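Student: Structure file model18.cif (mmCIF, C-alpha atoms and all ligand atoms; chains and numbers go by the auth columns) is given on the next line.
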data_protein
#
loop_
_atom_site.group_PDB
_atom_site.id
_atom_site.type_symbol
_atom_site.label_atom_id
_atom_site.label_comp_id
_atom_site.label_asym_id
_atom_site.label_seq_id
_atom_site.Cartn_x
_atom_site.Cartn_y
_atom_site.Cartn_z
_atom_site.B_iso_or_equiv
_atom_site.auth_seq_id
_atom_site.auth_asym_id
ATOM 1 C CA MET A 1 188.013 75.858 -31.830 0.00 565 A
ATOM 2 C CA GLY A 2 184.542 76.304 -30.347 0.00 566 A
ATOM 3 C CA LEU A 3 181.584 73.998 -30.609 0.00 567 A
ATOM 4 C CA LEU A 4 178.460 74.370 -32.679 0.00 568 A
ATOM 5 C CA LYS A 5 175.467 75.225 -30.559 0.00 569 A
ATOM 6 C CA PHE A 6 172.656 72.716 -30.892 0.00 570 A
ATOM 7 C CA THR A 7 169.266 73.500 -29.427 0.00 571 A
ATOM 8 C CA PHE A 8 166.396 71.215 -28.583 0.00 572 A
ATOM 9 C CA GLU A 9 163.184 71.641 -30.563 0.00 573 A
ATOM 10 C CA ASN A 10 161.360 74.814 -31.535 0.00 574 A
ATOM 11 C CA ALA A 11 157.861 75.722 -32.710 0.00 575 A
ATOM 12 C CA LYS A 12 158.081 73.498 -35.794 0.00 576 A
ATOM 13 C CA LEU A 13 160.754 70.918 -34.882 0.00 577 A
ATOM 14 C CA LYS A 14 159.263 69.090 -31.919 0.00 578 A
ATOM 15 C CA GLY A 15 161.591 66.676 -30.112 0.00 579 A
ATOM 16 C CA ILE A 16 164.491 67.364 -32.482 0.00 580 A
ATOM 17 C CA TRP A 17 168.023 68.549 -31.684 0.00 581 A
ATOM 18 C CA HIS A 18 169.217 70.911 -34.396 0.00 582 A
ATOM 19 C CA TYR A 19 171.589 73.756 -35.156 0.00 583 A
ATOM 20 C CA SER A 20 170.697 76.888 -37.082 0.00 584 A
ATOM 21 C CA LEU A 21 172.438 79.361 -39.375 0.00 585 A
ATOM 22 C CA PRO A 22 171.617 82.990 -40.245 0.00 586 A
ATOM 23 C CA SER A 23 168.572 83.274 -42.492 0.00 587 A
ATOM 24 C CA GLY A 24 168.970 84.695 -45.964 0.00 588 A
ATOM 25 C CA PHE A 25 172.776 84.809 -45.746 0.00 589 A
ATOM 26 C CA THR A 26 172.867 81.023 -45.894 0.00 590 A
ATOM 27 C CA CYS A 27 169.925 80.459 -48.250 0.00 591 A
ATOM 28 C CA PRO A 28 171.271 80.576 -51.818 0.00 592 A
ATOM 29 C CA GLY A 29 168.026 79.221 -53.287 0.00 593 A
ATOM 30 C CA ALA A 30 165.670 81.565 -51.447 0.00 594 A
ATOM 31 C CA LYS A 31 163.537 83.849 -53.630 0.00 595 A
ATOM 32 C CA SER A 32 160.027 84.515 -52.411 0.00 596 A
ATOM 33 C CA CYS A 33 161.133 84.336 -48.764 0.00 597 A
ATOM 34 C CA LYS A 34 164.598 85.902 -48.965 0.00 598 A
ATOM 35 C CA THR A 35 164.903 88.020 -45.824 0.00 599 A
ATOM 36 C CA PHE A 36 167.928 89.025 -43.779 0.00 600 A
ATOM 37 C CA ALA A 37 168.353 90.312 -40.239 0.00 601 A
ATOM 38 C CA ASP A 38 171.449 92.487 -39.886 0.00 602 A
ATOM 39 C CA ARG A 39 174.069 90.691 -37.820 0.00 603 A
ATOM 40 C CA ILE A 40 174.658 93.630 -35.462 0.00 604 A
ATOM 41 C CA THR A 41 171.406 95.580 -35.356 0.00 605 A
ATOM 42 C CA GLY A 42 168.869 92.913 -36.326 0.00 606 A
ATOM 43 C CA LYS A 43 167.345 95.365 -38.814 0.00 607 A
ATOM 44 C CA ILE A 44 165.363 93.489 -41.443 0.00 608 A
ATOM 45 C CA MET A 45 166.450 93.672 -45.077 0.00 609 A
ATOM 46 C CA ASP A 46 163.858 92.521 -47.605 0.00 610 A
ATOM 47 C CA GLU A 47 164.902 90.898 -50.867 0.00 611 A
ATOM 48 C CA GLN A 48 161.815 88.830 -51.540 0.00 612 A
ATOM 49 C CA THR A 49 160.420 88.197 -55.002 0.00 613 A
ATOM 50 C CA PRO A 50 156.633 88.691 -54.789 0.00 614 A
ATOM 51 C CA VAL A 51 154.353 85.737 -55.542 0.00 615 A
ATOM 52 C CA ASP A 52 151.035 86.672 -57.193 0.00 616 A
ATOM 53 C CA GLY A 53 151.662 90.220 -56.065 0.00 617 A
ATOM 54 C CA LYS A 54 152.128 89.172 -52.440 0.00 618 A
ATOM 55 C CA THR A 55 155.337 89.581 -50.449 0.00 619 A
ATOM 56 C CA PHE A 56 156.147 87.744 -47.254 0.00 620 A
ATOM 57 C CA ARG A 57 159.069 87.607 -44.874 0.00 621 A
ATOM 58 C CA CYS A 58 161.053 84.677 -43.566 0.00 622 A
ATOM 59 C CA TYR A 59 159.878 83.590 -40.111 0.00 623 A
ATOM 60 C CA ALA A 60 163.441 82.742 -39.043 0.00 624 A
ATOM 61 C CA ALA A 61 164.805 86.150 -40.025 0.00 625 A
ATOM 62 C CA MET A 62 162.048 87.759 -37.959 0.00 626 A
ATOM 63 C CA ASP A 63 163.083 85.600 -35.007 0.00 627 A
ATOM 64 C CA GLU A 64 166.671 86.819 -35.427 0.00 628 A
ATOM 65 C CA ALA A 65 165.487 90.435 -35.654 0.00 629 A
ATOM 66 C CA ARG A 66 163.543 90.142 -32.397 0.00 630 A
ATOM 67 C CA ARG A 67 166.036 88.091 -30.380 0.00 631 A
ATOM 68 C CA PRO A 68 169.743 89.081 -30.293 0.00 632 A
ATOM 69 C CA ASN A 69 170.665 85.800 -28.547 0.00 633 A
ATOM 70 C CA VAL A 70 169.194 83.785 -31.437 0.00 634 A
ATOM 71 C CA ARG A 71 171.053 85.974 -33.945 0.00 635 A
ATOM 72 C CA LYS A 72 174.327 85.530 -32.072 0.00 636 A
ATOM 73 C CA THR A 73 173.986 81.749 -31.834 0.00 637 A
ATOM 74 C CA ARG A 74 173.309 81.441 -35.564 0.00 638 A
ATOM 75 C CA TRP A 75 176.220 83.680 -36.521 0.00 639 A
ATOM 76 C CA ASP A 76 178.556 81.870 -34.120 0.00 640 A
ATOM 77 C CA ASN A 77 177.598 78.579 -35.778 0.00 641 A
ATOM 78 C CA PHE A 78 178.115 80.051 -39.239 0.00 642 A
ATOM 79 C CA ASP A 79 181.525 81.495 -38.281 0.00 643 A
ATOM 80 C CA LEU A 80 182.632 78.128 -36.910 0.00 644 A
ATOM 81 C CA LEU A 81 181.601 76.279 -40.064 0.00 645 A
ATOM 82 C CA LYS A 82 183.271 78.844 -42.335 0.00 646 A
ATOM 83 C CA ALA A 83 186.472 78.653 -40.272 0.00 647 A
ATOM 84 C CA ALA A 84 186.470 74.875 -40.688 0.00 648 A
ATOM 85 C CA LYS A 85 186.930 75.517 -44.455 0.00 649 A
ATOM 86 C CA THR A 86 186.720 71.934 -45.754 0.00 650 A
ATOM 87 C CA THR A 87 183.724 69.624 -45.892 0.00 651 A
ATOM 88 C CA LYS A 88 185.661 67.091 -43.840 0.00 652 A
ATOM 89 C CA ASN A 89 186.378 69.611 -41.082 0.00 653 A
ATOM 90 C CA MET A 90 182.784 70.845 -41.113 0.00 654 A
ATOM 91 C CA ALA A 91 181.531 67.282 -40.788 0.00 655 A
ATOM 92 C CA ALA A 92 183.927 66.714 -37.876 0.00 656 A
ATOM 93 C CA LEU A 93 182.594 69.848 -36.191 0.00 657 A
ATOM 94 C CA ILE A 94 178.993 68.669 -36.547 0.00 658 A
ATOM 95 C CA ILE A 95 179.797 65.120 -35.406 0.00 659 A
ATOM 96 C CA LYS A 96 181.696 66.417 -32.365 0.00 660 A
ATOM 97 C CA VAL A 97 178.465 67.793 -30.919 0.00 661 A
ATOM 98 C CA SER A 98 175.875 65.526 -32.482 0.00 662 A
ATOM 99 C CA LYS A 99 177.503 62.199 -31.510 0.00 663 A
ATOM 100 C CA PRO A 100 176.926 62.593 -27.747 0.00 664 A
ATOM 101 C CA LEU A 101 173.378 63.753 -28.532 0.00 665 A
ATOM 102 C CA ALA A 102 172.850 60.705 -30.732 0.00 666 A
ATOM 103 C CA TYR A 103 174.011 58.422 -27.912 0.00 667 A
ATOM 104 C CA ALA A 104 171.642 60.156 -25.517 0.00 668 A
ATOM 105 C CA VAL A 105 168.744 59.673 -27.926 0.00 669 A
ATOM 106 C CA ALA A 106 169.822 56.087 -28.655 0.00 670 A
ATOM 107 C CA GLY A 107 169.800 55.475 -24.913 0.00 671 A
ATOM 108 C CA ARG A 108 166.176 56.522 -24.780 0.00 672 A
ATOM 109 C CA CYS A 109 165.337 54.527 -27.903 0.00 673 A
ATOM 110 C CA GLY A 110 167.096 51.532 -26.366 0.00 674 A
ATOM 111 C CA CYS A 111 164.480 51.526 -23.613 0.00 675 A
ATOM 112 C CA ILE A 112 161.724 51.598 -26.213 0.00 676 A
ATOM 113 C CA LEU A 113 163.434 48.861 -28.231 0.00 677 A
ATOM 114 C CA ALA A 114 163.754 46.716 -25.121 0.00 678 A
ATOM 115 C CA ALA A 115 160.047 47.182 -24.491 0.00 679 A
ATOM 116 C CA ILE A 116 159.176 46.316 -28.081 0.00 680 A
ATOM 117 C CA THR A 117 161.304 43.157 -28.097 0.00 681 A
ATOM 118 C CA SER A 118 160.209 41.918 -24.685 0.00 682 A
ATOM 119 C CA ARG A 119 157.925 38.846 -24.669 0.00 683 A
ATOM 120 C CA LYS A 120 155.309 40.684 -22.708 0.00 684 A
ATOM 121 C CA PHE A 121 155.091 43.444 -25.282 0.00 685 A
ATOM 122 C CA THR A 122 155.163 41.127 -28.325 0.00 686 A
ATOM 123 C CA SER A 123 152.562 38.860 -26.832 0.00 687 A
ATOM 124 C CA THR A 124 150.385 41.905 -26.256 0.00 688 A
ATOM 125 C CA LEU A 125 150.724 42.645 -29.954 0.00 689 A
ATOM 126 C CA GLY A 126 149.596 39.360 -30.938 0.00 690 A
HETATM 127 S S1 LIG B . 162.309 80.830 -45.279 0.00 701 B
HETATM 128 FE FE1 LIG B . 164.077 81.945 -44.423 0.00 701 B
HETATM 129 S S2 LIG B . 165.492 80.328 -43.740 0.00 701 B
HETATM 130 FE FE2 LIG B . 164.037 79.393 -45.188 0.00 701 B
HETATM 131 S S3 LIG B . 165.023 79.576 -47.229 0.00 701 B
HETATM 132 FE FE3 LIG B . 163.712 81.393 -46.961 0.00 701 B
HETATM 133 S S4 LIG B . 165.103 82.957 -46.143 0.00 701 B
HETATM 134 FE FE4 LIG B . 166.092 80.975 -45.824 0.00 701 B
#
Using structure tokens, write down the structure from this file.
Tutor:
Amino acid sequence: MGLLKFTFENAKLKGIWHYSLPSGFTCPGAKSCKTFADRITGKIMDEQTPVDGKTFRCYAAMDEARRPNVRKTRWDNFDLLKAAKTTKNMAALIIKVSKPLAYAVAGRCGCILAAITSRKFTSTLG
């Protein structure tokens, strides 16, 4: 079985590792923003419910429509999670990739923690 593809930050998630899924297809609660990009062609399908007479599209679906590599990554992730079938297997799939990332981040935080707990730093604080 393949691995979920995590990516590092984007325009709104600065400094955050995350994985993404296809917009609209994986948004059961979406109404005013419900937009889909066709898996193969990227063609946008609008199913938004207007708000005060205004209709707007999902930013993520537009990203998928413009960039086939983004669309592919999201569908690959979705296929992997669906193939996992159970919540336990899905969690295992997510942990498999996120655990090494968490250790990498913890390594960086460890440096910060060491700085915070050092006498020099605490005495600077007060
Ligand atoms: S904005 Fe896009 S990704 Fe977010 S819930 Fe709406 S359709 Fe889904």
Student: Name each residue within 6 Å of ligand LIG 701 (chain B), counting all atoms listed in the file, as a list in words.
Tutor: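 I would give the residues around ligand LIG 701 (chain B) as Ser587, Gly588, Cys591, Ala594, Cys597, Lys598, Thr599, Cys622 and Ala624 of chain A.
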Student: Between CA of Lys660 (chain A) and CA of Glu628 (chain A), what is the spacing in Å?
Tutor: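 Separation between CA of Glu628 (chain A) and CA of Lys660 (chain A): 25.5 Å.
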Student: Rank nothing, just name the residue among A:Arg630, A:Arg621, A:Lys578, A:Arg635 nearest to Ile604 (chain A), using only C-alpha atoms.
Tutor: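 Of all the options, A:Arg635 lies closest to Ile604 (chain A).
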Student: Let me make sure I understand: among A:Lys595, A:His582, A:Arg638, A:Lys607, which one has the smallest atom-to-atom distance to Ile658 (chain A) if we use all atoms listed in the file?
Tutor: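 Once distances to Ile658 (chain A) are computed over all atoms listed in the file, the minimum belongs to A:His582.
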Student: Quick one: everything within 12 Å of Arg603 (chain A), counting only C-alpha atoms, minus sequence neighbours fewer than 6 positions away in the same chain. Send it as a PyMOL selection string.
Tutor: chain A and resi 585-589+609+625+628-640+642-643
Student: Residues within 8 Å of Phe620 (chain A), please, as an mmCIF file with C-alpha atoms, in the coordinates of the input. Count only C-alpha atoms; anything in the same chain fewer than 5 positions from it doesn't count.
Tutor:
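around-v7.cif was written with the following content:
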data_model
loop_
_atom_site.group_PDB
_atom_site.id
_atom_site.type_symbol
_atom_site.label_atom_id
_atom_site.label_comp_id
_atom_site.auth_asym_id
_atom_site.auth_seq_id
_atom_site.Cartn_x
_atom_site.Cartn_y
_atom_site.Cartn_z
ATOM 1 C CA SER A 596 160.027 84.515 -52.411
ATOM 2 C CA CYS A 597 161.133 84.336 -48.764
ATOM 3 C CA GLN A 612 161.815 88.830 -51.540
ATOM 4 C CA PRO A 614 156.633 88.691 -54.789
#
Student: On this file, the PyMOL selection byres (((chain A and resi 657) around 8) and not hetatm) gives some set of residues; write that set as a compact mmCIF listing (two decimals) with C-alpha atoms, in the coordinates of the input.
Tutor:
# COMPACT_ATOMS: atom_id res chain seq x y z
CA LEU A 567 181.58 74.00 -30.61
CA LEU A 568 178.46 74.37 -32.68
CA LEU A 645 181.60 76.28 -40.06
CA ALA A 648 186.47 74.88 -40.69
CA ASN A 653 186.38 69.61 -41.08
CA MET A 654 182.78 70.84 -41.11
CA ALA A 655 181.53 67.28 -40.79
CA ALA A 656 183.93 66.71 -37.88
CA ILE A 658 178.99 68.67 -36.55
CA ILE A 659 179.80 65.12 -35.41
CA LYS A 660 181.70 66.42 -32.36
CA VAL A 661 178.46 67.79 -30.92
Student: So, counting only C-alpha atoms, which residue among A:Tyr667, A:Phe570, A:Tyr623, A:Trp581 is closest to Ala601 (chain A)?
Tutor: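 With only C-alpha atoms as the atom set, the closest residue is A:Tyr623.
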Student: Just how far from CA of Ser662 (chain A) is CA of Gly593 (chain A), in Å to one decimal?
Tutor: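 If I compute the distance from CA of Gly593 (chain A) to CA of Ser662 (chain A), I get 26.1 Å.
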Student: So how many Å separate CA of Met565 (chain A) and CA of Ser584 (chain A), to one decimal?
Tutor: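 Between CA of Met565 (chain A) and CA of Ser584 (chain A) the gap works out to 18.1 Å.
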Student: Go through A:Val615, A:Lys569, A:Asp602, A:Ala647 and flag the residue nearest Leu665 (chain A), using all atoms listed in the file for the distances.
Tutor: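 Distance minimum relative to Leu665 (chain A) lands on A:Lys569.
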Student: Of the candidates A:Lys652, A:Ile608, A:Asn641, A:Lys646, which one gets nearest to Thr571 (chain A) if we count all atoms listed in the file?
Tutor: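 Of A:Lys652, A:Ile608, A:Asn641, A:Lys646, the one nearest Thr571 (chain A), counting all atoms listed in the file, is A:Asn641.
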Student: Could you rebuild region 573-597 of chain A with N, CA and C atoms and give me the result as an mmCIF file, keeping the file's coordinate frame?
Tutor:
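As a result, result_7.cif now contains:
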data_model
loop_
_atom_site.group_PDB
_atom_site.id
_atom_site.type_symbol
_atom_site.label_atom_id
_atom_site.label_comp_id
_atom_site.auth_asym_id
_atom_site.auth_seq_id
_atom_site.Cartn_x
_atom_site.Cartn_y
_atom_site.Cartn_z
ATOM 1 N N GLU A 573 164.486 71.295 -29.979
ATOM 2 C CA GLU A 573 163.184 71.641 -30.563
ATOM 3 C C GLU A 573 162.889 73.132 -30.657
ATOM 4 N N ASN A 574 161.904 73.453 -31.433
ATOM 5 C CA ASN A 574 161.360 74.814 -31.535
ATOM 6 C C ASN A 574 159.897 74.671 -31.946
ATOM 7 N N ALA A 575 159.298 75.757 -32.397
ATOM 8 C CA ALA A 575 157.861 75.722 -32.710
ATOM 9 C C ALA A 575 157.514 74.686 -33.778
ATOM 10 N N LYS A 576 158.430 74.449 -34.722
ATOM 11 C CA LYS A 576 158.081 73.498 -35.794
ATOM 12 C C LYS A 576 158.860 72.186 -35.733
ATOM 13 N N LEU A 577 159.957 72.148 -34.977
ATOM 14 C CA LEU A 577 160.754 70.918 -34.882
ATOM 15 C C LEU A 577 160.602 70.332 -33.483
ATOM 16 N N LYS A 578 159.528 69.647 -33.243
ATOM 17 C CA LYS A 578 159.263 69.090 -31.919
ATOM 18 C C LYS A 578 160.126 67.847 -31.675
ATOM 19 N N GLY A 579 160.800 67.838 -30.509
ATOM 20 C CA GLY A 579 161.591 66.676 -30.112
ATOM 21 C C GLY A 579 162.857 66.478 -30.923
ATOM 22 N N ILE A 580 163.325 67.513 -31.593
ATOM 23 C CA ILE A 580 164.491 67.364 -32.482
ATOM 24 C C ILE A 580 165.615 68.308 -32.065
ATOM 25 N N TRP A 581 166.822 67.737 -31.880
ATOM 26 C CA TRP A 581 168.023 68.549 -31.684
ATOM 27 C C TRP A 581 168.454 69.069 -33.039
ATOM 28 N N HIS A 582 168.840 70.328 -33.113
ATOM 29 C CA HIS A 582 169.217 70.911 -34.396
ATOM 30 C C HIS A 582 170.146 72.106 -34.175
ATOM 31 N N TYR A 583 170.835 72.510 -35.227
ATOM 32 C CA TYR A 583 171.589 73.756 -35.156
ATOM 33 C C TYR A 583 171.088 74.649 -36.280
ATOM 34 N N SER A 584 171.226 75.946 -36.106
ATOM 35 C CA SER A 584 170.697 76.888 -37.082
ATOM 36 C C SER A 584 171.771 77.850 -37.565
ATOM 37 N N LEU A 585 171.536 78.400 -38.745
ATOM 38 C CA LEU A 585 172.438 79.361 -39.375
ATOM 39 C C LEU A 585 171.646 80.622 -39.711
ATOM 40 N N PRO A 586 172.331 81.741 -39.948
ATOM 41 C CA PRO A 586 171.617 82.990 -40.245
ATOM 42 C C PRO A 586 170.743 82.884 -41.502
ATOM 43 N N SER A 587 169.521 83.324 -41.377
ATOM 44 C CA SER A 587 168.572 83.274 -42.492
ATOM 45 C C SER A 587 169.000 84.218 -43.608
ATOM 46 N N GLY A 588 168.669 83.855 -44.810
ATOM 47 C CA GLY A 588 168.970 84.695 -45.964
ATOM 48 C C GLY A 588 170.436 84.595 -46.372
ATOM 49 N N PHE A 589 171.333 84.860 -45.456
ATOM 50 C CA PHE A 589 172.776 84.809 -45.746
ATOM 51 C C PHE A 589 173.218 83.390 -46.124
ATOM 52 N N THR A 590 172.478 82.418 -45.647
ATOM 53 C CA THR A 590 172.867 81.023 -45.894
ATOM 54 C C THR A 590 171.797 80.288 -46.715
ATOM 55 N N CYS A 591 171.019 81.050 -47.468
ATOM 56 C CA CYS A 591 169.925 80.459 -48.250
ATOM 57 C C CYS A 591 170.087 80.821 -49.724
ATOM 58 N N PRO A 592 171.025 80.189 -50.430
ATOM 59 C CA PRO A 592 171.271 80.576 -51.818
ATOM 60 C C PRO A 592 170.073 80.378 -52.739
ATOM 61 N N GLY A 593 169.173 79.485 -52.411
ATOM 62 C CA GLY A 593 168.026 79.221 -53.287
ATOM 63 C C GLY A 593 166.788 80.024 -52.938
ATOM 64 N N ALA A 594 166.866 80.829 -51.885
ATOM 65 C CA ALA A 594 165.670 81.565 -51.447
ATOM 66 C C ALA A 594 165.299 82.650 -52.449
ATOM 67 N N LYS A 595 164.023 82.786 -52.729
ATOM 68 C CA LYS A 595 163.537 83.849 -53.630
ATOM 69 C C LYS A 595 162.363 84.570 -52.985
ATOM 70 N N SER A 596 161.245 83.866 -52.915
ATOM 71 C CA SER A 596 160.027 84.515 -52.411
ATOM 72 C C SER A 596 160.131 84.850 -50.920
ATOM 73 N N CYS A 597 161.027 84.152 -50.213
ATOM 74 C CA CYS A 597 161.133 84.336 -48.764
ATOM 75 C C CYS A 597 162.416 85.054 -48.334
#
